[in-house]
Each structure stands twice: as structure tokens, then as C-alpha cells.
>>> print(open('run.cif').read())   # mmCIF, C-alpha atoms and all ligand atoms
data_entry
loop_
_atom_site.label_atom_id
_atom_site.label_comp_id
_atom_site.auth_asym_id
_atom_site.auth_seq_id
_atom_site.Cartn_x
_atom_site.Cartn_y
_atom_site.Cartn_z
CA MET P 1 0.00 0.00 0.00
CA ALA P 2 1.33 3.46 -0.82
CA THR P 3 2.54 5.46 2.17
CA VAL P 4 2.78 9.18 2.43
CA SER P 5 5.74 10.97 3.85
CA PRO P 6 4.10 13.61 6.05
CA THR P 7 6.99 16.05 5.59
CA SER P 8 6.62 16.10 1.80
CA THR P 9 2.88 16.58 1.82
CA VAL P 10 2.20 19.06 4.63
CA ALA P 11 -0.31 21.61 3.36
CA SER P 12 1.28 24.44 5.28
CA ALA P 13 4.62 24.71 7.06
CA PRO P 14 4.53 24.57 10.87
CA ALA P 15 4.18 28.02 12.39
CA ALA P 16 7.22 29.65 13.96
CA THR P 17 7.31 29.81 17.77
CA PRO P 18 4.56 32.29 18.65
CA GLN P 19 5.06 35.49 20.60
CA PRO P 20 4.43 35.34 24.39
CA ALA P 21 0.88 36.73 24.16
CA MET P 22 -0.16 34.14 21.59
CA ARG P 23 1.71 31.38 23.41
CA LEU P 24 -0.23 32.21 26.59
CA ARG P 25 -3.50 32.21 24.64
CA GLU P 26 -2.60 28.78 23.28
CA LEU P 27 -1.68 27.46 26.73
CA VAL P 28 -4.93 28.51 28.38
CA PHE P 29 -6.74 26.59 25.64
CA GLY P 30 -4.83 23.44 26.65
CA ALA P 31 -8.14 21.78 27.51
CA ALA P 32 -9.17 22.03 23.85
CA CYS P 33 -6.08 20.08 22.81
CA ALA P 34 -6.60 17.42 25.51
CA ALA P 35 -10.29 17.12 24.58
CA ALA P 36 -9.44 16.78 20.89
CA VAL P 37 -6.99 13.94 21.60
CA ARG P 38 -9.57 12.25 23.82
CA ALA P 39 -12.28 12.61 21.14
CA ALA P 40 -10.02 11.12 18.47
CA ALA P 41 -9.12 8.21 20.77
CA ARG P 42 -12.75 7.51 21.67
CA LEU P 43 -13.92 7.79 18.06
CA GLY P 44 -11.15 5.44 16.94
CA VAL P 45 -9.95 7.79 14.17
CA ALA P 46 -6.34 6.59 14.34
CA ASP P 47 -7.49 2.96 14.14
CA ALA P 48 -9.65 3.77 11.09
CA LEU P 49 -6.76 5.45 9.22
CA GLY P 50 -4.33 3.03 7.60
CA ASP P 51 -1.12 3.68 5.68
CA THR P 52 -3.00 5.35 2.82
CA PRO P 53 -4.17 8.93 3.48
CA ALA P 54 -7.94 9.29 3.72
CA THR P 55 -10.44 12.10 3.34
CA ALA P 56 -12.48 13.38 6.26
CA GLU P 57 -15.53 11.89 4.51
CA GLU P 58 -13.96 8.44 4.35
CA LEU P 59 -12.86 8.61 7.97
CA ALA P 60 -16.25 9.95 9.10
CA ALA P 61 -17.98 6.98 7.45
CA ALA P 62 -15.56 4.60 9.19
CA VAL P 63 -16.03 6.08 12.68
CA ASN P 64 -19.72 6.92 12.35
CA SER P 65 -19.47 10.71 12.61
CA GLU P 66 -20.25 13.84 10.58
CA PRO P 67 -17.55 14.72 7.98
CA GLN P 68 -17.35 18.48 8.63
CA PRO P 69 -16.90 18.33 12.44
CA LEU P 70 -14.43 15.47 11.97
CA ARG P 71 -12.42 17.60 9.51
CA ARG P 72 -12.37 20.38 12.15
CA LEU P 73 -11.18 17.93 14.81
CA LEU P 74 -8.41 16.61 12.53
CA ARG P 75 -7.34 20.13 11.56
CA ALA P 76 -7.03 21.09 15.26
CA LEU P 77 -4.99 17.96 16.01
CA SER P 78 -2.76 18.53 12.97
CA CYS P 79 -1.65 21.84 14.56
CA TYR P 80 -0.02 19.71 17.27
CA GLY P 81 1.53 17.17 14.90
CA ILE P 82 -1.18 14.58 15.63
CA PHE P 83 -2.22 13.58 12.06
CA VAL P 84 -1.13 15.71 9.12
CA GLU P 85 -3.27 17.28 6.40
CA THR P 86 -1.82 16.65 2.95
CA GLU P 87 -1.84 19.07 -0.01
CA ASN P 88 -4.86 17.38 -1.56
CA GLY P 89 -6.87 17.69 1.66
CA THR P 90 -6.56 14.11 2.86
CA PHE P 91 -5.23 13.17 6.30
CA ALA P 92 -2.24 10.92 7.03
CA HIS P 93 -0.65 9.47 10.14
CA THR P 94 2.27 11.01 12.02
CA ASP P 95 4.39 9.27 14.67
CA MET P 96 2.10 10.67 17.39
CA SER P 97 -1.23 9.82 15.74
CA ARG P 98 -0.08 6.22 15.21
CA MET P 99 0.33 5.92 19.00
CA LEU P 100 -3.42 6.54 19.37
CA ARG P 101 -4.05 3.22 17.56
CA GLU P 102 -4.94 0.40 19.90
CA ASP P 103 -2.75 -2.05 17.96
CA ASP P 104 0.38 0.12 17.80
CA PRO P 105 3.32 -1.54 19.61
CA ASN P 106 3.95 1.78 21.41
CA SER P 107 0.26 2.58 21.85
CA LEU P 108 -0.61 5.40 24.27
CA ARG P 109 -4.35 5.16 23.60
CA TYR P 110 -5.26 4.18 27.17
CA ILE P 111 -2.83 6.68 28.67
CA ALA P 112 -4.50 9.40 26.55
CA LEU P 113 -7.93 8.31 27.81
CA TRP P 114 -6.77 7.97 31.43
CA CYS P 115 -5.32 11.49 31.56
CA THR P 116 -8.58 12.94 30.21
CA GLU P 117 -11.16 10.81 32.07
CA PRO P 118 -14.41 12.62 33.07
CA TRP P 119 -13.35 13.01 36.74
CA THR P 120 -10.25 14.97 35.66
CA TRP P 121 -12.49 17.65 34.12
CA ASP P 122 -14.22 18.03 37.50
CA ALA P 123 -10.95 18.12 39.42
CA TRP P 124 -8.72 20.55 37.48
CA PRO P 125 -10.89 23.66 38.13
CA ARG P 126 -10.33 23.01 41.87
CA LEU P 127 -6.55 23.16 41.67
CA ASP P 128 -6.46 26.51 43.43
CA GLU P 129 -8.37 24.94 46.39
CA ALA P 130 -5.92 22.04 46.51
CA VAL P 131 -2.96 24.41 46.41
CA ARG P 132 -4.48 26.43 49.28
CA SER P 133 -5.23 23.38 51.45
CA GLY P 134 -2.47 21.04 50.29
CA ALA P 135 -5.08 18.27 50.20
CA SER P 136 -6.97 16.17 47.64
CA VAL P 137 -10.28 17.60 46.38
CA PHE P 138 -11.78 14.18 45.75
CA HIS P 139 -13.89 13.75 48.89
CA GLU P 140 -15.48 17.13 48.34
CA MET P 141 -16.28 16.25 44.73
CA TYR P 142 -17.61 12.72 45.08
CA GLY P 143 -18.01 12.09 48.83
CA LYS P 144 -15.40 9.31 48.87
CA GLY P 145 -11.75 8.60 48.21
CA PHE P 146 -10.36 8.29 44.71
CA PHE P 147 -9.91 4.49 44.54
CA ASP P 148 -13.30 3.84 46.19
CA TYR P 149 -14.91 6.12 43.59
CA LEU P 150 -13.03 4.42 40.78
CA HIS P 151 -13.95 0.88 41.78
CA GLN P 152 -17.49 1.52 43.06
CA ASP P 153 -18.86 4.23 40.75
CA ALA P 154 -16.71 4.55 37.64
CA HIS P 155 -16.20 1.10 36.15
CA GLU P 156 -15.23 2.37 32.71
CA SER P 157 -12.61 4.66 34.29
CA ALA P 158 -11.31 1.75 36.39
CA HIS P 159 -10.92 -0.32 33.22
CA VAL P 160 -9.11 2.56 31.47
CA PHE P 161 -6.88 2.96 34.56
CA ASN P 162 -5.89 -0.73 34.52
CA ARG P 163 -5.13 -0.65 30.79
CA ALA P 164 -3.14 2.58 31.16
CA MET P 165 -1.09 1.19 34.08
CA THR P 166 -0.41 -1.99 32.10
CA THR P 167 0.73 0.04 29.07
CA SER P 168 2.98 2.18 31.20
CA SER P 169 4.43 -0.78 33.18
CA MET P 170 5.11 -2.91 30.12
CA GLN P 171 6.90 -0.10 28.31
CA SER P 172 9.08 0.87 31.28
CA ALA P 173 9.69 -2.79 32.31
CA LEU P 174 11.88 -3.33 29.27
CA ASP P 175 13.85 -0.15 30.05
CA VAL P 176 14.37 -1.27 33.67
CA ALA P 177 15.47 -4.77 32.56
CA GLY P 178 17.90 -3.14 30.14
CA LEU P 179 19.38 -0.89 32.84
CA LEU P 180 19.79 -3.18 35.85
CA ASP P 181 22.91 -5.31 36.22
CA LEU P 182 21.89 -8.51 38.02
CA THR P 183 25.40 -9.90 38.43
CA GLY P 184 25.51 -11.75 41.77
CA VAL P 185 21.72 -11.54 42.25
CA SER P 186 19.89 -14.83 42.91
CA VAL P 187 16.56 -13.40 44.09
CA VAL P 188 14.98 -10.13 43.00
CA ALA P 189 11.84 -8.74 44.69
CA ASP P 190 9.49 -6.14 43.26
CA ILE P 191 7.68 -4.39 46.12
CA GLY P 192 4.40 -2.75 45.02
CA GLY P 193 5.25 -4.38 41.70
CA GLY P 194 1.69 -4.27 40.34
CA GLN P 195 0.92 -7.19 38.07
CA GLY P 196 4.62 -8.01 37.79
CA HIS P 197 5.62 -6.74 34.35
CA VAL P 198 9.02 -5.50 35.58
CA LEU P 199 9.67 -8.78 37.41
CA ALA P 200 8.66 -10.85 34.37
CA SER P 201 10.98 -8.84 32.08
CA LEU P 202 13.89 -9.34 34.50
CA LEU P 203 13.26 -13.09 34.88
CA GLU P 204 12.97 -13.54 31.12
CA LYS P 205 16.31 -11.80 30.66
CA HIS P 206 18.05 -13.69 33.50
CA PRO P 207 17.05 -17.40 33.46
CA ALA P 208 18.99 -18.26 36.65
CA VAL P 209 17.32 -15.58 38.79
CA ARG P 210 14.26 -16.18 40.99
CA GLY P 211 11.70 -13.50 41.85
CA THR P 212 9.16 -12.32 44.43
CA LEU P 213 6.21 -10.05 43.68
CA LEU P 214 4.55 -8.20 46.58
CA ASP P 215 1.46 -6.05 46.06
CA LEU P 216 -2.07 -5.70 47.42
CA PRO P 217 -4.14 -8.94 47.30
CA ASP P 218 -6.55 -7.76 44.57
CA VAL P 219 -3.63 -6.72 42.39
CA VAL P 220 -1.49 -9.86 42.63
CA ALA P 221 -4.61 -11.95 42.02
CA LYS P 222 -4.47 -10.55 38.48
CA ALA P 223 -0.69 -10.94 38.08
CA ASP P 224 0.84 -11.29 34.64
CA PRO P 225 -0.04 -14.81 33.34
CA ARG P 226 3.68 -15.54 32.88
CA LEU P 227 4.03 -15.44 36.69
CA ARG P 228 0.89 -17.33 37.71
CA THR P 229 0.51 -21.10 38.09
CA GLY P 230 1.08 -22.68 34.70
CA GLY P 231 2.92 -19.61 33.37
CA ALA P 232 6.38 -19.86 31.81
CA LEU P 233 8.06 -18.21 34.81
CA ALA P 234 5.85 -19.54 37.62
CA GLN P 235 8.40 -22.07 38.88
CA ARG P 236 10.81 -19.24 39.69
CA VAL P 237 8.30 -16.87 41.30
CA ARG P 238 6.81 -16.33 44.75
CA ILE P 239 3.74 -14.12 44.88
CA VAL P 240 3.13 -12.35 48.20
CA PRO P 241 -0.19 -10.53 48.74
CA GLY P 242 0.46 -7.83 51.32
CA ASP P 243 0.69 -4.21 52.39
CA CYS P 244 4.22 -2.83 52.15
CA ARG P 245 3.30 -0.06 54.61
CA GLU P 246 2.65 -2.73 57.25
CA ASP P 247 5.32 -5.34 56.62
CA ILE P 248 7.60 -6.67 53.86
CA PRO P 249 8.17 -10.38 54.63
CA VAL P 250 10.55 -10.88 51.72
CA ASP P 251 14.20 -11.97 51.62
CA ALA P 252 16.01 -10.97 48.42
CA ASP P 253 19.39 -9.81 47.08
CA LEU P 254 17.78 -6.95 45.18
CA TYR P 255 14.57 -5.04 46.06
CA ILE P 256 12.92 -2.86 43.41
CA ILE P 257 10.43 -0.17 44.42
CA LYS P 258 9.12 1.56 41.33
CA ASN P 259 6.52 4.31 41.20
CA ILE P 260 5.06 3.66 44.62
CA LEU P 261 6.65 6.36 46.81
CA GLU P 262 4.11 8.94 45.75
CA TRP P 263 1.77 8.77 48.72
CA ASP P 264 1.78 10.88 51.86
CA ASP P 265 5.16 11.17 53.58
CA GLU P 266 4.40 8.83 56.45
CA SER P 267 3.53 5.94 54.08
CA THR P 268 6.70 6.57 52.09
CA ARG P 269 8.84 6.58 55.24
CA ARG P 270 7.19 3.40 56.56
CA THR P 271 7.71 1.52 53.31
CA LEU P 272 11.41 2.41 53.16
CA ARG P 273 11.83 1.52 56.85
CA ASN P 274 10.12 -1.85 56.27
CA ILE P 275 12.52 -2.67 53.44
CA VAL P 276 15.53 -1.83 55.60
CA ALA P 277 14.10 -4.02 58.38
CA ALA P 278 13.39 -6.96 56.02
CA ALA P 279 16.60 -6.93 53.98
CA ARG P 280 19.86 -8.44 55.06
CA PRO P 281 22.98 -6.23 55.32
CA GLY P 282 24.48 -5.51 51.91
CA ALA P 283 21.25 -6.16 49.96
CA ARG P 284 20.61 -3.80 47.03
CA VAL P 285 17.52 -1.57 46.88
CA VAL P 286 16.69 0.27 43.65
CA VAL P 287 14.12 3.05 43.92
CA ILE P 288 12.70 4.06 40.52
CA GLU P 289 10.62 7.22 40.24
CA ASN P 290 9.56 10.08 37.99
CA LEU P 291 11.13 13.30 39.24
CA VAL P 292 9.55 16.73 39.10
CA ASP P 293 12.93 18.31 38.52
CA ASP P 294 16.26 17.44 36.93
CA THR P 295 14.55 15.63 34.08
CA ALA P 296 14.01 16.13 30.38
CA SER P 297 10.26 15.64 30.78
CA MET P 298 9.28 18.15 33.45
CA LYS P 299 6.09 19.29 31.69
CA PHE P 300 4.84 15.69 31.92
CA THR P 301 6.03 14.89 35.45
CA THR P 302 4.85 18.18 36.97
CA ALA P 303 1.41 17.59 35.41
CA MET P 304 1.29 14.12 37.01
CA ASP P 305 2.40 15.66 40.29
CA LEU P 306 -0.53 18.12 40.25
CA LEU P 307 -2.99 15.38 39.29
CA LEU P 308 -1.74 13.30 42.24
CA LEU P 309 -2.38 16.26 44.54
CA LEU P 310 -5.94 16.54 43.21
CA ASN P 311 -6.92 12.88 43.34
CA VAL P 312 -5.04 11.28 46.25
CA GLY P 313 -3.26 14.19 47.96
CA GLY P 314 0.04 12.64 46.84
CA ALA P 315 3.15 14.05 45.19
CA LYS P 316 5.96 13.14 42.85
CA HIS P 317 9.40 13.70 44.35
CA SER P 318 12.13 16.10 43.43
CA LYS P 319 15.59 14.58 43.37
CA ALA P 320 16.39 16.26 46.70
CA SER P 321 13.21 15.11 48.47
CA LEU P 322 13.73 11.50 47.38
CA VAL P 323 17.39 11.55 48.41
CA GLU P 324 16.28 12.88 51.81
CA ARG P 325 13.65 10.13 52.32
CA ILE P 326 16.13 7.44 51.23
CA THR P 327 18.95 8.57 53.49
CA GLN P 328 16.61 9.14 56.46
CA SER P 329 15.45 5.52 56.13
CA GLY P 330 19.01 4.34 56.77
CA LEU P 331 19.74 3.20 53.20
CA VAL P 332 23.12 4.09 51.73
CA LEU P 333 22.63 5.94 48.46
CA GLY P 334 24.87 5.19 45.46
CA ASP P 335 24.44 6.18 41.79
CA ILE P 336 21.39 7.97 40.42
CA ARG P 337 20.84 7.11 36.75
CA PRO P 338 18.15 7.81 34.13
CA VAL P 339 16.16 4.72 33.12
CA ASN P 340 14.51 6.56 30.21
CA PRO P 341 13.55 10.22 29.64
CA TYR P 342 10.97 10.17 32.44
CA LEU P 343 12.26 7.70 35.07
CA HIS P 344 15.29 7.77 37.36
CA ALA P 345 16.86 4.85 39.29
CA PHE P 346 18.36 5.48 42.74
CA GLU P 347 20.79 2.64 43.53
CA CYS P 348 20.97 2.01 47.30
CA ALA P 349 22.34 -0.56 49.72
CA VAL P 350 21.29 -1.80 53.16
CA PRO P 351 24.17 -0.95 55.49
CA GLY P 352 26.35 -3.78 56.77
C1 LIG P 401 1.73 3.31 40.13
S1 LIG P 401 1.60 1.61 40.50
C2 LIG P 401 3.24 1.02 40.16
C3 LIG P 401 3.28 -0.44 39.87
C4 LIG P 401 4.66 -0.99 39.50
N1 LIG P 401 5.61 -0.82 40.56
C5 LIG P 401 5.15 -0.35 38.23
O1 LIG P 401 5.94 0.57 38.29
O2 LIG P 401 4.70 -0.76 37.16
C6 LIG P 401 1.55 1.62 42.28
C7 LIG P 401 1.46 0.22 42.85
O3 LIG P 401 1.52 0.28 44.28
C8 LIG P 401 0.63 -0.69 44.75
N2 LIG P 401 0.29 -0.38 46.14
C9 LIG P 401 -0.46 0.65 46.60
N3 LIG P 401 -0.52 0.60 47.94
C10 LIG P 401 0.19 -0.51 48.32
C11 LIG P 401 0.48 -1.09 49.58
N4 LIG P 401 0.03 -0.55 50.71
N5 LIG P 401 1.22 -2.23 49.62
C12 LIG P 401 1.68 -2.78 48.47
N6 LIG P 401 1.45 -2.25 47.24
C13 LIG P 401 0.70 -1.14 47.17
C14 LIG P 401 -0.55 -0.58 43.82
O4 LIG P 401 -1.39 -1.70 43.91
C15 LIG P 401 0.16 -0.45 42.48
O5 LIG P 401 0.41 -1.71 41.92
#
>>> encode(input="run.cif", output="C-alpha cells")
Amino acid sequence: MATVSPTSTVASAPAATPQPAMRLRELVFGAACAAAVRAAARLGVADALGDTPATAEELAAAVNSEPQPLRRLLRALSCYGIFVETENGTFAHTDMSRMLREDDPNSLRYIALWCTEPWTWDAWPRLDEAVRSGASVFHEMYGKGFFDYLHQDAHESAHVFNRAMTTSSMQSALDVAGLLDLTGVSVVADIGGGQGHVLASLLEKHPAVRGTLLDLPDVVAKADPRLRTGGALAQRVRIVPGDCREDIPVDADLYIIKNILEWDDESTRRTLRNIVAAARPGARVVVIENLVDDTASMKFTTAMDLLLLLNVGGAKHSKASLVERITQSGLVLGDIRPVNPYLHAFECAVPG
């Protein structure tokens, strides 16, 4: 099938960086951009568009919408490099629009939906309240905590959340497996390891290593099939349902804690203390987190940080705040290295 090179067929050249007044106007319309991405994802426009450019009429027929409004949606998205309008008025994929396809190997479709779920549109206007109080706005909005709301009242959002977390874990799991040197490690434990995608990637890469996955009971019950009874890695895996803020009954040479130290401070401190108490002297602990500073992706991580404030009263760490929590727990901090553009690994050891 013929493919179109977006650069050779762009109807108009991208605009130069706008002046501050126009840039600010664009920024305060950020909701329009987020809504347009969400609409395209929900309509399935990227899935309907193949390698051959298509007209708005053809796409509208495929996604059951009106051609003119769909053309307007695609034109708005093209301004951001999501789809491109060709010289003959058809639309083609760009690298970003392809990632809205459900079947793309690097698909971000569920992340796009998760970041724009209906509750987010209720929460963002209350950011000034959250900044004043320093607390989540969720109880005031829905009369219950975020996860209770998600699981009791918003089943579609809960499904989107699970798919988004799986996408995000599977993509970063390969980066973590690529980064970590497991020389001398016989047992690796992933604490708060979700469904175990990081653990599975590590065990697949290192056939002599055994693994332990600890997470909440409901979460490990749905662990990656590779880890569960009958799975290819099951013989080398121990699954521990538990609460890492209470106790970490796990003996390992290497403990991974990835993207879980984003709760209130007391929970973070307790989890680190529990690891130090459980691990034998000399064991390695690798803390992997998004940072709100010292990173190439600060617009993304600071947005997540604000969303965490709104929904669970949590926070992403700065490099300094994470170093402080780690050293206060008694761990000895070693190298800090980027895992990918948005994750950092803090290599630590339990003192002898
Ligand atoms: C953002 S996810 C990160 C999952 C995984 N570490 C990863 O990076 O893909 C946070 C994880 O912490 C787990 N979690 C939350 N509270 C926990 C607790 N008290 N004890 C153990 N795990 C917990 C959640 O179930 C979830 O799997």
C-alpha cells in the first residue's frame, strides 16, 4: 500500500514559535487540545486510518461521525503534529497519531484516555483549592476517596486505569530490565510491583534468577499470566499478597520499588523503613521514580504531580526530596541514573 511521507505533503509549514501573548492564549486553551486527543481516541480515528491517506468523509464513514466536524477535529490535532493534512486535503498518520491506535506496539491510547477521564475535568478547576489546602479535592467532589470512587462508581474509568497502568508498566519494564545489572543476584523482589511486568521482564532476561512479587491482594490476584501457576516463569516466582506499609516479609538480594513512593510522607517513610528491616545487610535496593525536577520531561512529570495532589493528595518527588527520604530511612545511596527520559533509578544498599 502506498505510504505518504508527512513532511513532503504538509499543506502548510509549521508556524514559527509564537510570541508570548499568543503562546499564553494557546496554553490557556490546553483543555481544547486534551479534549481533541480524547475525542479522536474515543472515536477510533487513528485505528480507522491506515497507511493510505484518507479524506475526512472516508474517515467519518468509518467512525460513524459527521464529515465536517471530523475535519475540524483533525485540523485542530494537525496543529499539534497529531495527524497531518496533505496538499490534496486528505489526512495521514504522524508518529504521534499512530500511537493513538490500539494495535500500535507503542500505543498510548489508554494513557491518553486515562489522563482525560471525566473526573479529571471536574478536578482541574479546583486546583487553586488544593494548592491552598495542600489536600486532595476528591472527597469534596464525590463524597469518597479516589480508589473507592473508581472501583465503586466509575467502572469504565477503572478499566481505562488498569489498561493505562499496564501500558505504562510494560513499556518501562523493558527499560528497567535493560538498565539493571543482576550480576551476583539470585533473588529479586518487586515491592508494590503491580501485576509483575518489571519482574517478568527481569526473569525472562536472566534465566537463573528467581523473583518475588509483593502487592495488594486484589492486584497480585491478576498478576501477569507468565508469573501465575502454569505460566512460563511460575516455577521461579513467589507471589506475596500484602501491604508494604505494614510489613515486607521478603528476603532478596535486590529489592525494586518503582513508582510507589508517591503517597503521603508517612507511608513513604514506613515503606522504606520496612525494606531496611526486612533486607539483610548488603542487599541492594533500587528506587525508581519520575522526578519533578532534573529531568528532560518536566512538563509531563509536573502535570502528574498536580494530578496526584488533586486525586489522592500525593506528590511526585524532586531529586532532593527523594534523596532525603532514602537517606533518612538508613539506606546508603549510590548512583542515580536515568532509566529513560521520564524515570530515574536510585541505587541504594542496606548498610552492613
Ligand atoms: C503506580 S503503580 C506502580 C506499579 C509498578 N511498581 C510499576 O511501576 O509498574 C503503584 C502500585 O503500588 C501498589 N500499592 C499501593 N498501595 C500498596 C500497599 N500498601 N502495599 C503494596 N502495594 C501497594 C498498587 O497496587 C500499584 O500496583
>>> closest_residue(input="run.cif", among="P:Leu307, P:Ala40, P:Val28, P:Val240", to="Ala112 in chain P", atoms="only C-alpha atoms")
P:Ala40
>>> atom_distance(input="run.cif", atom1="CA of Leu70 in chain P", atom2="CA of Ala32 in chain P")
14.6 Å
>>> closest_residue(input="run.cif", among="P:Val286, P:Ala34, P:Leu291, P:Leu272", to="Gly330 in chain P", atoms="only C-alpha atoms")
P:Leu272
>>> closest_residue(input="run.cif", among="P:Val312, P:Leu306, P:Leu343, P:Ala283", to="Lys144 in chain P", atoms="all atoms listed in the file")
P:Val312
>>> residues_around(input="run.cif", residues="Glu26 in chain P", least_positions_apart="5", cutoff="12 Å", atoms="only C-alpha atoms", output="list of chain:residue names")
P:Thr17, P:Pro18, P:Gln19, P:Pro20, P:Ala21, P:Ala31, P:Ala32, P:Cys33, P:Ala76, P:Cys79, P:Tyr80
>>> residues_near_ligand(input="run.cif", ligand="ligand LIG 401 (chain P)", cutoff="9 Å", atoms="all atoms listed in the file", output="MDAnalysis selection string")
chainID P and resid 165:166 168:170 172:173 190:198 214:220 241:248 256:263 267 271 288:289
